[in-house]
Amino acid sequence: MVKKYLNESEIFIRNVEKMIGSEEFEKKLKGPKKLRIKYGVDVTAPFLHIGHAVNLWLMRSFQEEGHKVVFLIGDFTTKIGDPTGKTQTRPKISDADIKKGTKEFIKQVSKILLTDKKVFEVRKNSEWFSRMKPAQFIELFSNITHAQIIQRDMFQERIKKGDEIYIHEMLYPIFQGYDSVMIRSDATIIGSDQLFNEMMGRNLQKIFGQDPQTIITTKITPGIHGGPKQSKSLDNYVAIEDSAENKFGKIMSLPDDLIIQYLETYTTMPSAEIEKNKKELEDKKINPMSVKKELAREIIKRYHSKKEVLKAEEFFKKTFQEKKLPQETPSKKIDSSKPIIYVLHEIGLTRSISDSRRLINSGAVEFEGEIIKDPRHKLITQGVLRVGKKKFVKIIPK
RNA sequence: GGGUGCGUCGCAUAGCGGCAAUUGCAUUGGGCUGUAAACCCAACGUCUUAAUUGACUACGUAGGUUCGAGUCCUACCGCACCCA
């Protein structure tokens, strides 16, 4: 156990779920050499939310002690397709896409990680895989047995159900594992879904005479509606790229019973203070809303300046608590001769004209604070159009 | 290879030949609130009309029977189970 390390570091205690190879890890940390931390990414989906950020903040804490994060782009393996996901499709991906994705990814990551060359290194796994000859691949595969691969729970499930397992899917973990060998990874911080693949890394590292990497998995919290973990497709995330205002709003819509969990996972608020909040919430001494505001401030300040945090809160107050309209909204030019029902659809506030009609009928459409009930109403003056609680567009008629 | 059953709006589910199609969840809007939960109401294919007016498109795919087909028939595709 790395009790020592764990006890010293709150970020560890709060966020780490499991650690494999902790003894070696502690030894290495005590040694003179700086560690190499593998961070494998799929740059075809350059999208990070605060759930991903938990891992990144951990990496950051290592960087601050001089350890290096190796940002590993799985460009070669992307072409195979990771069976971890549900989809079987293998999109063809061009070098240009990879370049673009990498740039975007690093932009988002740099909100958290240091990108100084001393502690940040970018690599691609095509560097080694695309140079390997068939014979070398066979040689690599000969290190791993069938039984080792199919013990993976996902494969077991498929076997039970009588579903197919394709050869390339079985090879994927080997590729990902070999990456650890090639970059001489000392540790990697991952979500538990990647555990199997990274274990393969340990296997291969041992075979190739290296110290196996330590695997650190982090705890997962539910998405902002309380259900499953944050993901893009479920639209239940707070993205790193979201504006401060947006982050604030999303956090305020969080169910009450997640407040404490979110404080622990996504903020650096001292544990003692969290404990205090928890108690006061339980005893109903404090309004959950005010704790939630605190939560929002704490999360946002990790990604934005103090000024922006204040601005976001101000925005929230004005817009939602005092029901005033926000000053800053996207603006769109519209054709003033068209009835509102069409305009709504054209500027993307509604799905279809029928949808516009429904929303108008249910009183969801407001212009400058006045509910519009007539679908044929024409917008001839400039102003803010609002649909539902959250959608605003400033319109400029012409 | 042979047999049986099944494929319906995101998921799940109903549908004796007259159906834009039931119900639950999810979603969206309104109310109550703290852009929380719970709760109440409503909507939930597209376009059109002053108006549920009118039209078009939908029940795995393609044909057929019928005034009329999600519902019956045939073939195909996909899925599940059983036999070999």
# chains A, B, ... in the order shown; residues from 1 in each chain; ligands from 1
$ interface_residues --of "chain A" --to "chain B" --cutoff "9 Å" --atoms "only C-alpha atoms (C1' of nucleotides)" --output "ChimeraX atom specification"
/A:249-250,252-257,287-290,316,320-321,352-354,358-359,362-364,388-390
$ residues_around --residues "B:G70" --least-positions-apart "2" --cutoff "12 Å" --atoms "only C-alpha atoms (C1' of nucleotides)" --output "PyMOL selection string"
chain B and resi 7-8+14-15+17+19-21+58-60+72
$ select_by_dssp --residues "stretch 98-311 of chain A" --states "strand (DSSP E or B)" --output "list in words"
Phe120, Glu121, Val122, Arg123, Lys124, Ala187, Thr188, Ile189, Ile190, Thr214, Ile215, Ile216, Thr217, Thr218, Pro222, Lys229 and Ala239 of chain A
$ residues_around --residues "B:G2" --least-positions-apart "2" --cutoff "12 Å" --atoms "only C-alpha atoms (C1' of nucleotides)" --output "list in words"
U4, C82, C83 and A84 of chain B
$ residues_around --residues "A:Glu294" --least-positions-apart "4" --cutoff "12 Å" --atoms "only C-alpha atoms (C1' of nucleotides)" --output "list in words"
Phe248, Ile251, Met252, Ile259, Ile260, Tyr262, Leu263, Thr267, Thr268, Met269, Glu273, Ile274, Asn277, Asn287, Pro288, Met289, Ser290, Glu298, Ile299, Ile300, Lys301, Val309, Leu310 and Glu313 of chain A
$ write_last_selection --atoms "C-alpha atoms" --output "PDB file, in the first residue's frame"
ATOM      1  CA  PHE A 248     -22.762  27.505 -13.719  1.00  0.00           C
ATOM      2  CA  ILE A 251     -24.199  22.697 -12.068  1.00  0.00           C
ATOM      3  CA  MET A 252     -27.204  24.492 -10.634  1.00  0.00           C
ATOM      4  CA  ILE A 259     -23.853  17.876  -4.241  1.00  0.00           C
ATOM      5  CA  ILE A 260     -21.504  16.278  -1.759  1.00  0.00           C
ATOM      6  CA  TYR A 262     -19.502  16.418  -6.709  1.00  0.00           C
ATOM      7  CA  LEU A 263     -17.712  18.514  -4.125  1.00  0.00           C
ATOM      8  CA  THR A 267     -13.362  20.471  -6.408  1.00  0.00           C
ATOM      9  CA  THR A 268     -10.375  21.035  -4.179  1.00  0.00           C
ATOM     10  CA  MET A 269     -12.459  22.086  -1.232  1.00  0.00           C
ATOM     11  CA  GLU A 273     -15.234  21.775   4.920  1.00  0.00           C
ATOM     12  CA  ILE A 274     -17.101  19.266   2.779  1.00  0.00           C
ATOM     13  CA  ASN A 277     -21.485  21.116   4.496  1.00  0.00           C
ATOM     14  CA  ASN A 287     -30.200  25.787   1.883  1.00  0.00           C
ATOM     15  CA  PRO A 288     -28.982  23.244  -0.660  1.00  0.00           C
ATOM     16  CA  MET A 289     -29.031  25.950  -3.284  1.00  0.00           C
ATOM     17  CA  SER A 290     -26.349  27.952  -1.561  1.00  0.00           C
ATOM     18  CA  GLU A 298     -15.402  25.880  -6.868  1.00  0.00           C
ATOM     19  CA  ILE A 299     -15.612  23.906 -10.073  1.00  0.00           C
ATOM     20  CA  ILE A 300     -15.497  26.888 -12.365  1.00  0.00           C
ATOM     21  CA  LYS A 301     -12.531  28.495 -10.685  1.00  0.00           C
ATOM     22  CA  VAL A 309     -16.544  33.103 -12.018  1.00  0.00           C
ATOM     23  CA  LEU A 310     -18.101  36.285 -10.686  1.00  0.00           C
ATOM     24  CA  GLU A 313     -22.747  33.947 -11.042  1.00  0.00           C
TER      25      GLU A 313
END
$ select_by_dssp --residues "stretch 66-288 of chain A" --states "helix (DSSP H, G or I)" --output "ChimeraX atom specification"
/A:75-78,95-109,126-129,134-141,146-150,153-161,167-182,192-207,244-252,256-266,271-282,288
$ residues_around --residues "A:Ser337" --least-positions-apart "3" --cutoff "9 Å" --atoms "only C-alpha atoms (C1' of nucleotides)" --output "PyMOL selection string"
chain A and resi 334+378-380+397-398
$ closest_residue --among "B:A50, B:A55, B:C25, B:C76" --to "B:A12" --atoms "only C-alpha atoms (C1' of nucleotides)"
B:C25
$ atom_distance --atom1 "atom CA of A:Arg184" --atom2 "atom CA of A:Ile11"
25.2 Å
$ atom_distance --atom1 "atom CA of A:His168" --atom2 "atom CA of A:Pro228"
28.9 Å
$ closest_residue --among "A:Arg36, A:His377, A:Met170, A:Glu64" --to "A:Met182" --atoms "only C-alpha atoms"
A:Arg36
$ residues_around --residues "A:Met200" --least-positions-apart "6" --cutoff "12 Å" --atoms "only C-alpha atoms (C1' of nucleotides)" --output "count of residues only"
27
$ residues_around --residues "stretch 230-245 of chain A" --least-positions-apart "5" --cutoff "6 Å" --atoms "only C-alpha atoms (C1' of nucleotides)" --output "NGL selection string"
:A and (48-50 or 223-224 or 312)
